[in-house]
>>> print(open('my_file.tsv').read())   # TSV, C-alpha atoms
chain	number	residue	atom	x	y	z
A	64	MET	CA	20.77	-71.96	-1.66
A	65	LEU	CA	21.01	-69.81	-4.73
A	66	ASP	CA	24.06	-70.73	-6.80
A	67	VAL	CA	27.03	-68.45	-6.43
A	68	GLY	CA	27.20	-66.42	-9.59
A	69	MET	CA	23.47	-66.80	-10.12
A	70	MET	CA	22.19	-63.44	-11.13
A	71	ARG	CA	20.29	-61.61	-8.44
A	72	VAL	CA	18.51	-59.57	-11.06
A	73	GLN	CA	17.10	-61.44	-14.04
A	74	ASP	CA	15.41	-59.01	-16.36
A	75	ARG	CA	13.99	-61.52	-18.80
A	76	ALA	CA	11.25	-59.11	-19.90
A	77	ASN	CA	13.83	-56.42	-20.57
A	78	VAL	CA	12.20	-53.54	-18.68
A	79	ILE	CA	15.16	-52.42	-16.53
A	80	PRO	CA	17.96	-50.22	-17.94
A	81	ALA	CA	21.38	-51.91	-17.71
A	82	ALA	CA	22.86	-49.38	-15.28
A	83	GLN	CA	19.96	-49.78	-12.87
A	84	GLU	CA	20.19	-53.55	-13.17
A	85	ILE	CA	23.74	-53.41	-11.82
A	86	ASP	CA	22.63	-51.14	-8.99
A	87	LEU	CA	19.76	-53.47	-8.04
A	88	ALA	CA	22.14	-56.42	-8.04
A	89	ARG	CA	24.56	-54.54	-5.77
A	90	GLN	CA	21.78	-53.69	-3.33
A	91	SER	CA	20.75	-57.33	-3.11
A	92	GLU	CA	24.34	-58.39	-2.65
A	93	ALA	CA	24.86	-55.88	0.18
A	94	LEU	CA	21.68	-57.13	1.84
A	95	GLU	CA	22.91	-60.71	1.67
A	96	LYS	CA	26.26	-59.76	3.21
A	97	ALA	CA	24.51	-58.01	6.08
A	98	THR	CA	21.70	-60.46	6.82
A	99	THR	CA	22.35	-63.60	4.65
A	100	ASP	CA	18.88	-63.03	3.14
A	101	GLN	CA	18.71	-63.54	-0.60
A	102	LEU	CA	16.55	-61.14	-2.58
A	103	VAL	CA	16.17	-61.99	-6.24
A	104	ILE	CA	14.35	-59.85	-8.79
A	105	VAL	CA	12.95	-61.50	-11.90
A	106	THR	CA	10.92	-60.05	-14.74
A	107	VAL	CA	9.36	-62.46	-17.21
A	108	PRO	CA	8.01	-61.85	-20.71
A	109	THR	CA	4.99	-64.07	-19.96
A	110	LEU	CA	3.55	-66.33	-17.26
A	111	ASN	CA	2.28	-68.74	-19.92
A	112	GLY	CA	-1.24	-68.49	-18.56
A	113	GLU	CA	-0.26	-69.63	-15.08
A	114	PRO	CA	-1.50	-67.70	-12.03
A	115	ILE	CA	1.37	-65.53	-10.80
A	116	ASN	CA	1.21	-67.07	-7.31
A	117	ASP	CA	1.89	-70.55	-8.65
A	118	TYR	CA	4.52	-69.28	-11.06
A	119	SER	CA	6.43	-67.35	-8.42
A	120	LEU	CA	6.49	-70.19	-5.89
A	121	ALA	CA	7.71	-72.66	-8.52
A	122	LEU	CA	10.36	-70.19	-9.66
A	123	ALA	CA	11.55	-69.44	-6.12
A	124	ARG	CA	11.84	-73.17	-5.47
A	125	SER	CA	13.67	-73.91	-8.70
A	126	LEU	CA	16.14	-71.07	-8.09
A	127	ARG	CA	16.51	-72.30	-4.50
A	128	ILE	CA	16.52	-68.77	-3.18
A	129	GLY	CA	17.60	-68.43	0.46
A	130	GLN	CA	19.94	-70.33	2.75
A	131	ALA	CA	18.78	-73.94	3.01
A	132	ASP	CA	18.65	-73.96	6.82
A	133	ASN	CA	16.88	-70.63	7.13
A	134	ASP	CA	14.62	-70.48	4.08
A	135	ASN	CA	15.37	-66.77	4.01
A	136	GLY	CA	14.77	-65.99	0.37
A	137	VAL	CA	12.56	-63.37	-1.24
A	138	LEU	CA	11.54	-63.27	-4.88
A	139	LEU	CA	10.19	-60.09	-6.47
A	140	LEU	CA	8.49	-61.24	-9.66
A	141	VAL	CA	7.14	-58.87	-12.30
A	142	ALA	CA	5.20	-59.94	-15.39
A	143	PRO	CA	4.64	-56.77	-17.45
A	144	LYS	CA	2.52	-58.50	-20.11
A	145	GLU	CA	0.07	-59.88	-17.54
A	146	ARG	CA	0.42	-56.65	-15.55
A	147	ALA	CA	1.08	-58.72	-12.45
A	148	VAL	CA	3.55	-58.41	-9.59
A	149	ARG	CA	4.22	-60.64	-6.62
A	150	ILE	CA	6.54	-60.85	-3.63
A	151	GLU	CA	7.20	-64.48	-2.68
A	152	VAL	CA	8.64	-64.94	0.81
A	153	GLY	CA	10.43	-67.96	2.28
A	154	TYR	CA	9.08	-69.33	5.57
A	155	GLY	CA	12.14	-68.08	7.40
A	156	LEU	CA	11.19	-64.46	6.69
A	157	GLU	CA	7.42	-64.67	6.96
A	158	ASN	CA	7.36	-63.15	10.42
A	159	LEU	CA	9.35	-60.17	9.19
A	160	LEU	CA	8.08	-59.62	5.65
A	161	ARG	CA	4.52	-60.50	6.59
A	162	ASP	CA	1.65	-60.77	4.11
A	163	GLU	CA	0.31	-57.33	4.95
A	164	VAL	CA	3.78	-55.78	4.72
A	165	ALA	CA	4.43	-57.34	1.32
A	166	GLY	CA	0.91	-56.35	0.24
A	167	LYS	CA	1.55	-52.74	1.21
A	168	ILE	CA	4.80	-52.68	-0.74
A	169	VAL	CA	3.03	-54.06	-3.81
A	170	ARG	CA	0.30	-51.43	-3.48
A	171	GLU	CA	2.94	-48.71	-3.36
A	172	MET	CA	4.54	-50.09	-6.52
A	173	LEU	CA	1.29	-50.22	-8.50
A	174	PRO	CA	0.96	-46.51	-9.39
A	175	LEU	CA	4.43	-46.57	-10.95
A	176	PHE	CA	3.58	-49.67	-12.95
A	177	ARG	CA	0.36	-48.00	-14.08
A	178	ALA	CA	2.36	-44.93	-15.10
A	179	ASN	CA	4.44	-47.28	-17.24
A	180	GLN	CA	7.55	-46.90	-15.10
A	181	PRO	CA	8.31	-50.54	-14.28
A	182	ALA	CA	12.00	-49.93	-13.53
A	183	GLN	CA	11.15	-47.24	-10.97
A	184	ALA	CA	8.48	-49.49	-9.46
A	185	ILE	CA	10.99	-52.32	-9.07
A	186	GLY	CA	13.56	-49.96	-7.53
A	187	LEU	CA	11.00	-48.74	-4.99
A	188	GLY	CA	9.89	-52.29	-4.20
A	189	GLN	CA	13.46	-53.43	-3.66
A	190	ARG	CA	14.26	-50.51	-1.36
A	191	GLU	CA	11.22	-51.19	0.78
A	192	ILE	CA	11.83	-54.92	0.97
A	193	ILE	CA	15.44	-54.30	1.99
A	194	ASP	CA	14.38	-51.78	4.65
A	195	VAL	CA	12.06	-54.35	6.18
A	196	LEU	CA	14.65	-57.13	6.10
A	197	ARG	CA	17.33	-54.92	7.63
A	198	SER	CA	14.98	-53.76	10.38
A	199	ASP	CA	15.50	-56.98	12.35
A	200	LYS	CA	18.30	-55.97	14.69
A	201	ARG	CA	18.80	-59.46	16.06
A	202	ARG	CA	20.23	-60.82	12.88
A	203	PRO	CA	23.74	-59.40	12.91
A	204	GLN	CA	24.18	-61.19	16.27
A	205	TYR	CA	22.87	-64.34	14.75
A	206	LEU	CA	25.46	-63.98	12.01
A	207	GLN	CA	28.29	-63.55	14.49
A	208	LYS	CA	27.18	-66.63	16.35
A	209	LYS	CA	27.19	-68.58	13.13
A	210	ALA	CA	30.66	-67.35	12.19
A	211	ALA	CA	32.09	-68.23	15.60
B	157	MET	CA	14.05	-81.65	4.95
B	158	THR	CA	12.53	-79.63	7.74
B	159	VAL	CA	8.86	-78.88	7.58
B	160	PHE	CA	9.70	-75.18	7.58
B	161	ARG	CA	11.30	-75.24	4.20
B	162	ARG	CA	9.23	-73.35	1.70
B	163	PHE	CA	11.47	-72.96	-1.29
B	164	GLY	CA	13.24	-76.29	-0.76
B	165	LEU	CA	12.44	-79.58	-2.38
B	166	LEU	CA	11.03	-82.67	-0.74
B	167	ALA	CA	13.79	-84.90	0.57
B	168	PRO	CA	14.31	-87.61	-2.01
B	169	LEU	CA	12.98	-90.80	-0.49
B	170	ALA	CA	14.76	-92.89	-3.10
B	171	ALA	CA	17.97	-92.32	-1.17
B	172	LEU	CA	16.59	-94.52	1.58
B	173	SER	CA	15.81	-97.49	-0.63
B	174	LEU	CA	18.95	-99.32	0.53
B	175	THR	CA	17.17	-100.09	3.76
B	176	GLY	CA	15.55	-102.99	1.96
B	177	CYS	CA	12.06	-104.21	2.59
B	178	GLY	CA	10.60	-101.06	4.00
B	179	LEU	CA	11.48	-101.49	7.68
B	180	ASN	CA	12.66	-97.91	7.86
B	181	SER	CA	11.64	-96.30	4.62
B	182	VAL	CA	7.90	-96.87	5.02
B	183	PRO	CA	7.66	-95.09	8.40
B	184	THR	CA	9.89	-92.33	7.04
B	185	ALA	CA	7.58	-91.84	4.08
B	186	GLU	CA	4.60	-91.86	6.41
B	187	GLU	CA	6.20	-89.25	8.65
B	188	GLN	CA	6.73	-87.13	5.58
B	189	VAL	CA	3.02	-87.39	4.76
B	190	ASN	CA	2.05	-86.55	8.33
B	191	ALA	CA	4.39	-83.56	8.44
B	192	LYS	CA	2.95	-82.17	5.22
B	193	TRP	CA	-0.54	-82.82	6.55
B	194	GLY	CA	0.38	-80.86	9.67
B	195	ASP	CA	1.48	-77.89	7.53
B	196	LEU	CA	-1.74	-77.99	5.54
B	197	GLN	CA	-3.85	-78.26	8.68
B	198	ALA	CA	-2.08	-75.23	10.18
B	199	ASP	CA	-2.83	-73.23	7.04
B	200	TYR	CA	-6.52	-74.12	7.20
B	201	GLN	CA	-6.56	-73.16	10.87
B	202	ARG	CA	-4.94	-69.83	10.12
B	203	ARG	CA	-7.64	-69.14	7.55
B	204	ALA	CA	-10.37	-70.01	10.02
B	205	ASP	CA	-8.79	-67.61	12.53
B	206	LEU	CA	-8.66	-64.73	10.05
B	207	ILE	CA	-12.22	-64.86	8.76
B	208	PRO	CA	-14.12	-63.51	11.81
B	209	ASN	CA	-11.91	-60.39	11.88
B	210	LEU	CA	-12.38	-59.79	8.19
B	211	VAL	CA	-16.14	-60.27	8.42
B	212	GLU	CA	-16.27	-57.87	11.36
B	213	THR	CA	-14.30	-55.22	9.47
B	214	VAL	CA	-16.39	-55.50	6.31
B	215	LYS	CA	-19.66	-55.32	8.27
B	216	GLY	CA	-19.19	-51.64	9.02
B	217	TYR	CA	-18.70	-50.71	5.37
B	218	ALA	CA	-20.92	-53.02	3.40
B	219	LYS	CA	-24.14	-53.63	5.28
B	220	GLN	CA	-25.89	-54.57	2.03
B	221	GLU	CA	-23.54	-57.55	1.76
B	222	SER	CA	-24.93	-59.34	4.78
B	223	GLY	CA	-25.76	-62.32	2.53
B	224	VAL	CA	-22.09	-62.73	1.61
B	225	LEU	CA	-21.03	-62.34	5.24
B	226	ILE	CA	-23.56	-64.86	6.51
B	227	ALA	CA	-22.52	-67.37	3.84
B	228	VAL	CA	-18.85	-67.01	4.79
B	229	THR	CA	-19.55	-67.32	8.50
B	230	GLN	CA	-21.73	-70.37	7.88
B	231	ALA	CA	-19.13	-72.05	5.63
B	232	ARG	CA	-16.46	-71.40	8.26
B	233	ALA	CA	-18.59	-72.94	10.98
B	234	ASP	CA	-19.38	-75.96	8.78
B	235	ALA	CA	-15.71	-76.46	7.94
B	236	GLY	CA	-14.83	-76.24	11.62
B	237	ARG	CA	-17.13	-79.16	12.40
B	238	VAL	CA	-15.39	-81.52	9.99
B	239	THR	CA	-12.13	-82.65	11.54
B	240	LEU	CA	-9.56	-84.99	10.10
B	241	ASN	CA	-6.82	-86.75	12.07
B	242	ALA	CA	-3.54	-87.94	10.62
B	243	SER	CA	-4.72	-91.51	11.30
B	244	ASP	CA	-7.68	-90.93	8.96
B	245	LEU	CA	-5.61	-89.96	5.95
B	246	ASP	CA	-6.18	-93.40	4.40
B	247	ASP	CA	-9.96	-93.06	4.74
B	248	SER	CA	-11.16	-91.60	1.45
B	249	ALA	CA	-14.65	-90.74	2.76
B	250	LYS	CA	-13.25	-88.74	5.67
B	251	VAL	CA	-10.66	-87.01	3.50
B	252	LYS	CA	-13.34	-86.12	0.97
B	253	ALA	CA	-15.69	-84.73	3.63
B	254	PHE	CA	-12.92	-82.55	5.04
B	255	ASN	CA	-11.76	-81.39	1.62
B	256	ASP	CA	-15.32	-80.60	0.49
B	257	ALA	CA	-16.02	-78.52	3.59
B	258	GLN	CA	-12.80	-76.53	3.15
B	259	GLY	CA	-13.50	-76.19	-0.58
B	260	LYS	CA	-16.90	-74.66	0.17
B	261	LEU	CA	-15.23	-72.15	2.43
B	262	THR	CA	-12.76	-71.29	-0.34
B	263	GLN	CA	-15.70	-70.59	-2.63
B	264	ALA	CA	-17.57	-68.55	-0.01
B	265	ILE	CA	-14.54	-66.30	0.50
B	266	ILE	CA	-14.16	-65.27	-3.13
B	267	PRO	CA	-16.98	-62.64	-3.13
B	268	LEU	CA	-15.56	-61.30	0.14
B	269	GLN	CA	-12.21	-60.73	-1.56
B	270	ARG	CA	-13.91	-58.83	-4.37
B	271	LEU	CA	-15.91	-56.47	-2.13
B	272	GLN	CA	-13.30	-53.75	-2.32
B	273	GLU	CA	-14.09	-53.29	-6.00
B	274	ALA	CA	-17.65	-52.28	-5.06
B	275	TYR	CA	-16.75	-50.34	-1.90
B	276	PRO	CA	-13.86	-47.97	-2.57
B	277	GLU	CA	-13.86	-46.85	1.09
B	278	LEU	CA	-12.64	-50.32	2.00
B	279	LYS	CA	-9.53	-49.71	-0.06
B	280	SER	CA	-8.43	-46.98	2.29
B	281	ASN	CA	-9.04	-49.01	5.43
B	282	ALA	CA	-5.60	-50.21	6.52
B	283	ASN	CA	-7.06	-52.87	8.76
B	284	PHE	CA	-9.15	-54.31	5.94
B	285	LEU	CA	-6.20	-54.28	3.53
B	286	ALA	CA	-3.97	-56.05	6.04
B	287	LEU	CA	-6.57	-58.75	6.68
B	288	GLN	CA	-7.13	-59.09	2.95
B	289	ASP	CA	-3.38	-59.56	2.39
B	290	GLN	CA	-3.23	-62.14	5.16
B	291	LEU	CA	-6.19	-64.03	3.76
B	292	GLU	CA	-4.76	-64.02	0.26
B	293	GLY	CA	-1.39	-65.15	1.58
B	294	THR	CA	-3.08	-67.91	3.53
B	295	GLU	CA	-4.98	-69.11	0.47
B	296	ASN	CA	-1.69	-69.28	-1.41
B	297	ARG	CA	-0.12	-71.24	1.42
B	298	ILE	CA	-3.03	-73.65	1.46
B	299	ASN	CA	-2.60	-74.31	-2.25
B	300	ALA	CA	1.15	-74.81	-1.89
B	301	SER	CA	0.79	-77.03	1.18
B	302	ARG	CA	-1.87	-79.11	-0.53
B	303	ARG	CA	0.42	-79.72	-3.47
B	304	ASP	CA	3.28	-80.66	-1.13
B	305	TYR	CA	1.00	-83.00	0.79
B	306	ASN	CA	-0.19	-84.68	-2.40
B	307	GLU	CA	3.42	-85.07	-3.49
B	308	ALA	CA	4.27	-86.77	-0.18
B	309	VAL	CA	1.22	-89.03	-0.52
B	310	ARG	CA	2.27	-90.02	-4.01
B	311	GLY	CA	5.74	-90.90	-2.72
B	312	TYR	CA	4.31	-92.93	0.15
B	313	ASN	CA	1.75	-94.77	-1.97
B	314	THR	CA	4.33	-95.68	-4.58
B	315	ARG	CA	6.64	-96.94	-1.87
B	316	ILE	CA	4.20	-99.27	-0.16
B	317	ARG	CA	3.20	-100.78	-3.51
B	318	THR	CA	6.66	-101.26	-4.92
B	319	PHE	CA	8.85	-104.30	-4.34
B	320	PRO	CA	10.72	-104.79	-2.05
B	321	ASP	CA	9.26	-102.18	0.31
B	322	ALA	CA	5.78	-103.58	-0.28
B	323	ILE	CA	6.71	-106.71	1.70
B	324	GLY	CA	7.63	-104.85	4.86
B	325	ALA	CA	4.83	-102.36	4.35
B	326	LYS	CA	2.28	-105.16	4.28
B	327	ILE	CA	3.68	-107.52	6.92
B	328	PHE	CA	4.96	-105.11	9.54
B	329	TYR	CA	2.86	-102.05	9.12
B	330	GLY	CA	-0.34	-103.10	7.41
B	331	ALA	CA	0.18	-99.95	5.40
B	332	LYS	CA	-2.79	-98.62	3.47
B	333	PRO	CA	-2.57	-96.04	0.70
B	334	LYS	CA	-3.21	-92.42	1.72
B	335	VAL	CA	-5.72	-90.23	-0.04
B	336	PRO	CA	-4.63	-87.07	-1.89
B	337	PHE	CA	-6.61	-83.82	-1.69
B	338	GLU	CA	-8.39	-82.99	-4.91
B	339	ALA	CA	-8.27	-79.28	-5.72
B	340	ALA	CA	-11.66	-77.84	-6.65
B	341	ALA	CA	-11.52	-76.66	-10.26
B	342	ALA	CA	-12.92	-73.25	-9.39
B	343	ALA	CA	-10.32	-72.67	-6.68
B	344	GLN	CA	-8.18	-71.15	-9.42
B	345	GLU	CA	-10.61	-68.26	-9.75
B	346	ALA	CA	-9.48	-66.52	-6.59
B	347	PRO	CA	-8.49	-62.97	-7.49
B	348	SER	CA	-4.85	-61.97	-7.45
B	349	VAL	CA	-3.11	-58.62	-7.47
B	350	ASN	CA	-2.44	-57.05	-10.81
B	351	PHE	CA	-1.92	-53.51	-11.89
B	352	GLY	CA	-5.15	-53.16	-13.76
B	353	ASN	CA	-6.02	-51.56	-17.10
B	354	ALA	CA	-5.76	-54.95	-18.80
B	355	SER	CA	-3.16	-54.90	-21.54
>>> encode(input="my_file.tsv", output="structure tokens")
Amino acid sequence: MLDVGMMRVQDRANVIPAAQEIDLARQSEALEKATTDQLVIVTVPTLNGEPINDYSLALARSLRIGQADNDNGVLLLVAPKERAVRIEVGYGLENLLRDEVAGKIVREMLPLFRANQPAQAIGLGQREIIDVLRSDKRRPQYLQKKAA
Amino acid sequence: MTVFRRFGLLAPLAALSLTGCGLNSVPTAEEQVNAKWGDLQADYQRRADLIPNLVETVKGYAKQESGVLIAVTQARADAGRVTLNASDLDDSAKVKAFNDAQGKLTQAIIPLQRLQEAYPELKSNANFLALQDQLEGTENRINASRRDYNEAVRGYNTRIRTFPDAIGAKIFYGAKPKVPFEAAAAAQEAPSVNFGNAS
């Protein structure tokens, strides 16, 4: 599980304005309260020549995103220098945020990246990911069961 | 340490070393290998299931590419004929045959994944895009599962060769080292999403 106090938005490439960063973090926090899913957004200055798929999986594992029992973490990784973006999904959410759903979200983000609006692209991506994750109506019940 | 865990780490086998001469730790390490093998096998199966649909979808748009489609279909059929059971994971010839067949399929798929660059109409076909996403996701899962499997094999092989577990491994289990999956060098070339107009 992601450490408490670990930042949900890590703008290491410095492409997100500070005010929006706080908003993104709040959205992720609200999502986690509602569903226990952990959505973390990271931008990196460089991938050091690594394919983004390998980089994002290693990063998601090292941050330990998601609840250990549920593997319900999502990482939105953006590498502006390599012009690459990836949504990495824990096994626990793969039936909800499926490959083709994540792929569609990425495709919707691309025009904004191309228009050099990375912060807007990230905001759009986060909203769409959250919509998908909140669309599973069974999960509040699951939460209540867990709390009981 | 469930097999479902994607972002988690492998359970540290060292914690079990107090059990002495491998009576428990060797089977545990072997189960770990078999579980990771099961994950990898499921990923390969998922890929095999996706390919016919993708080939069928592409057919309608890119008739000139029948060579690519035939090669993919052939590679899939060849890979399907080479099976590998968990009990064969210590047989390097069998592991190599399986890995080679799957590696050829990986290579055959690459031109298929690039077709959309040549056929813009494919880009607006939602069915094609979804299959493409699923195939790319499956390729990523195969790579991740292969690494996890190799990690488990390394742990197991170290264990059965290291005192004191080696004693139990040899006497009680006749344990033989397992064979890791070599990744084909060119497997890295698979295309990935980026937002174009290279920097």
>>> closest_atom_pairs(input="my_file.tsv", of="chain A", to="chain B", cutoff="8 Å", atoms="only C-alpha atoms", output="tab-separated table")
residue	atom	partner	partner_atom	distance
A:Pro114	CA	B:Gln344	CA	8.0
A:Ile115	CA	B:Ser348	CA	7.9
A:Asn116	CA	B:Asn296	CA	6.9
A:Leu120	CA	B:Phe163	CA	7.3
A:Ala123	CA	B:Phe163	CA	6.0
A:Arg124	CA	B:Phe163	CA	4.2
A:Ser125	CA	B:Phe163	CA	7.8
A:Arg127	CA	B:Phe163	CA	6.0
A:Ile128	CA	B:Phe163	CA	6.8
A:Gly129	CA	B:Phe163	CA	7.8
A:Ala131	CA	B:Gly164	CA	7.1
A:Asp132	CA	B:Arg161	CA	7.9
A:Asn133	CA	B:Arg161	CA	7.8
A:Asp134	CA	B:Arg161	CA	5.8
A:Gly136	CA	B:Phe163	CA	7.9
A:Lys144	CA	B:Ser355	CA	6.9
A:Glu145	CA	B:Ser355	CA	7.2
A:Arg146	CA	B:Phe351	CA	5.4
A:Ala147	CA	B:Asn350	CA	4.2
A:Val148	CA	B:Asn350	CA	6.3
A:Arg149	CA	B:Val349	CA	7.7
A:Gly153	CA	B:Arg162	CA	5.6
A:Tyr154	CA	B:Arg162	CA	5.6
A:Gly155	CA	B:Phe160	CA	7.5
A:Asp162	CA	B:Gln290	CA	5.2
A:Glu163	CA	B:Ala286	CA	4.6
A:Val164	CA	B:Ala286	CA	7.9
A:Gly166	CA	B:Asp289	CA	5.8
A:Leu173	CA	B:Phe351	CA	5.7
A:Pro174	CA	B:Phe351	CA	8.0
A:Phe176	CA	B:Phe351	CA	6.8
A:Arg177	CA	B:Phe351	CA	6.4
>>> write_last_selection(input="my_file.tsv", atoms="C-alpha atoms", output="PDB file, in the coordinates of the input")
ATOM      1  CA  PRO A 114      -1.500 -67.700 -12.030  1.00  0.00           C
ATOM      2  CA  ILE A 115       1.370 -65.530 -10.800  1.00  0.00           C
ATOM      3  CA  ASN A 116       1.210 -67.070  -7.310  1.00  0.00           C
ATOM      4  CA  LEU A 120       6.490 -70.190  -5.890  1.00  0.00           C
ATOM      5  CA  ALA A 123      11.550 -69.440  -6.120  1.00  0.00           C
ATOM      6  CA  ARG A 124      11.840 -73.170  -5.470  1.00  0.00           C
ATOM      7  CA  SER A 125      13.670 -73.910  -8.700  1.00  0.00           C
ATOM      8  CA  ARG A 127      16.510 -72.300  -4.500  1.00  0.00           C
ATOM      9  CA  ILE A 128      16.520 -68.770  -3.180  1.00  0.00           C
ATOM     10  CA  GLY A 129      17.600 -68.430   0.460  1.00  0.00           C
ATOM     11  CA  ALA A 131      18.780 -73.940   3.010  1.00  0.00           C
ATOM     12  CA  ASP A 132      18.650 -73.960   6.820  1.00  0.00           C
ATOM     13  CA  ASN A 133      16.880 -70.630   7.130  1.00  0.00           C
ATOM     14  CA  ASP A 134      14.620 -70.480   4.080  1.00  0.00           C
ATOM     15  CA  GLY A 136      14.770 -65.990   0.370  1.00  0.00           C
ATOM     16  CA  LYS A 144       2.520 -58.500 -20.110  1.00  0.00           C
ATOM     17  CA  GLU A 145       0.070 -59.880 -17.540  1.00  0.00           C
ATOM     18  CA  ARG A 146       0.420 -56.650 -15.550  1.00  0.00           C
ATOM     19  CA  ALA A 147       1.080 -58.720 -12.450  1.00  0.00           C
ATOM     20  CA  VAL A 148       3.550 -58.410  -9.590  1.00  0.00           C
ATOM     21  CA  ARG A 149       4.220 -60.640  -6.620  1.00  0.00           C
ATOM     22  CA  GLY A 153      10.430 -67.960   2.280  1.00  0.00           C
ATOM     23  CA  TYR A 154       9.080 -69.330   5.570  1.00  0.00           C
ATOM     24  CA  GLY A 155      12.140 -68.080   7.400  1.00  0.00           C
ATOM     25  CA  ASP A 162       1.650 -60.770   4.110  1.00  0.00           C
ATOM     26  CA  GLU A 163       0.310 -57.330   4.950  1.00  0.00           C
ATOM     27  CA  VAL A 164       3.780 -55.780   4.720  1.00  0.00           C
ATOM     28  CA  GLY A 166       0.910 -56.350   0.240  1.00  0.00           C
ATOM     29  CA  LEU A 173       1.290 -50.220  -8.500  1.00  0.00           C
ATOM     30  CA  PRO A 174       0.960 -46.510  -9.390  1.00  0.00           C
ATOM     31  CA  PHE A 176       3.580 -49.670 -12.950  1.00  0.00           C
ATOM     32  CA  ARG A 177       0.360 -48.000 -14.080  1.00  0.00           C
TER      33      ARG A 177
END
>>> atom_distance(input="my_file.tsv", atom1="CA of Ile323 (chain B)", atom2="CA of Ser181 (chain B)")
11.9 Å
>>> atom_distance(input="my_file.tsv", atom1="CA of Ala253 (chain B)", atom2="CA of Lys334 (chain B)")
14.8 Å
>>> atom_distance(input="my_file.tsv", atom1="CA of Tyr305 (chain B)", atom2="CA of Gln197 (chain B)")
10.4 Å
>>> closest_residue(input="my_file.tsv", among="A:Ala121, A:Ile79, A:Leu156, A:Leu140", to="Pro181 (chain A)", atoms="all atoms listed in the file")
A:Ile79
>>> closest_residue(input="my_file.tsv", among="B:Asn241, B:Gln230, B:Thr318, B:Asn306", to="Val182 (chain B)", atoms="all atoms listed in the file")
B:Thr318
>>> closest_residue(input="my_file.tsv", among="A:Gln101, A:Thr109, A:Gln180, A:Ser198", to="Pro80 (chain A)", atoms="all atoms listed in the file")
A:Gln180
>>> residues_around(input="my_file.tsv", residues="Lys252 (chain B)", least_positions_apart="6", cutoff="12 Å", atoms="only C-alpha atoms", output="list in words")
Val238, Thr239, Leu240, Asp244, Leu245, Asp246, Gln258, Gly259, Lys334, Val335, Pro336, Phe337, Glu338, Ala339 and Ala340 of chain B
>>> residues_around(input="my_file.tsv", residues="Ile104 (chain A)", least_positions_apart="3", cutoff="6 Å", atoms="only C-alpha atoms", output="PDB file with C-alpha atoms, in the coordinates of the input")
ATOM      1  CA  VAL A  72      18.510 -59.570 -11.060  1.00  0.00           C
ATOM      2  CA  LEU A 138      11.540 -63.270  -4.880  1.00  0.00           C
ATOM      3  CA  LEU A 139      10.190 -60.090  -6.470  1.00  0.00           C
TER       4      LEU A 139
END
>>> residues_around(input="my_file.tsv", residues="Pro208 (chain B)", least_positions_apart="3", cutoff="10 Å", atoms="only C-alpha atoms", output="list in words")
Arg203, Ala204, Asp205, Val211, Glu212, Thr213, Val214, Leu225, Val228, Thr229 and Arg232 of chain B
>>> residues_around(input="my_file.tsv", residues="Glu171 (chain A)", least_positions_apart="3", cutoff="10 Å", atoms="only C-alpha atoms", output="list in words")
Ala165, Gly166, Lys167, Ile168, Pro174, Leu175, Phe176, Ala184, Leu187, Gly188 and Glu191 of chain A
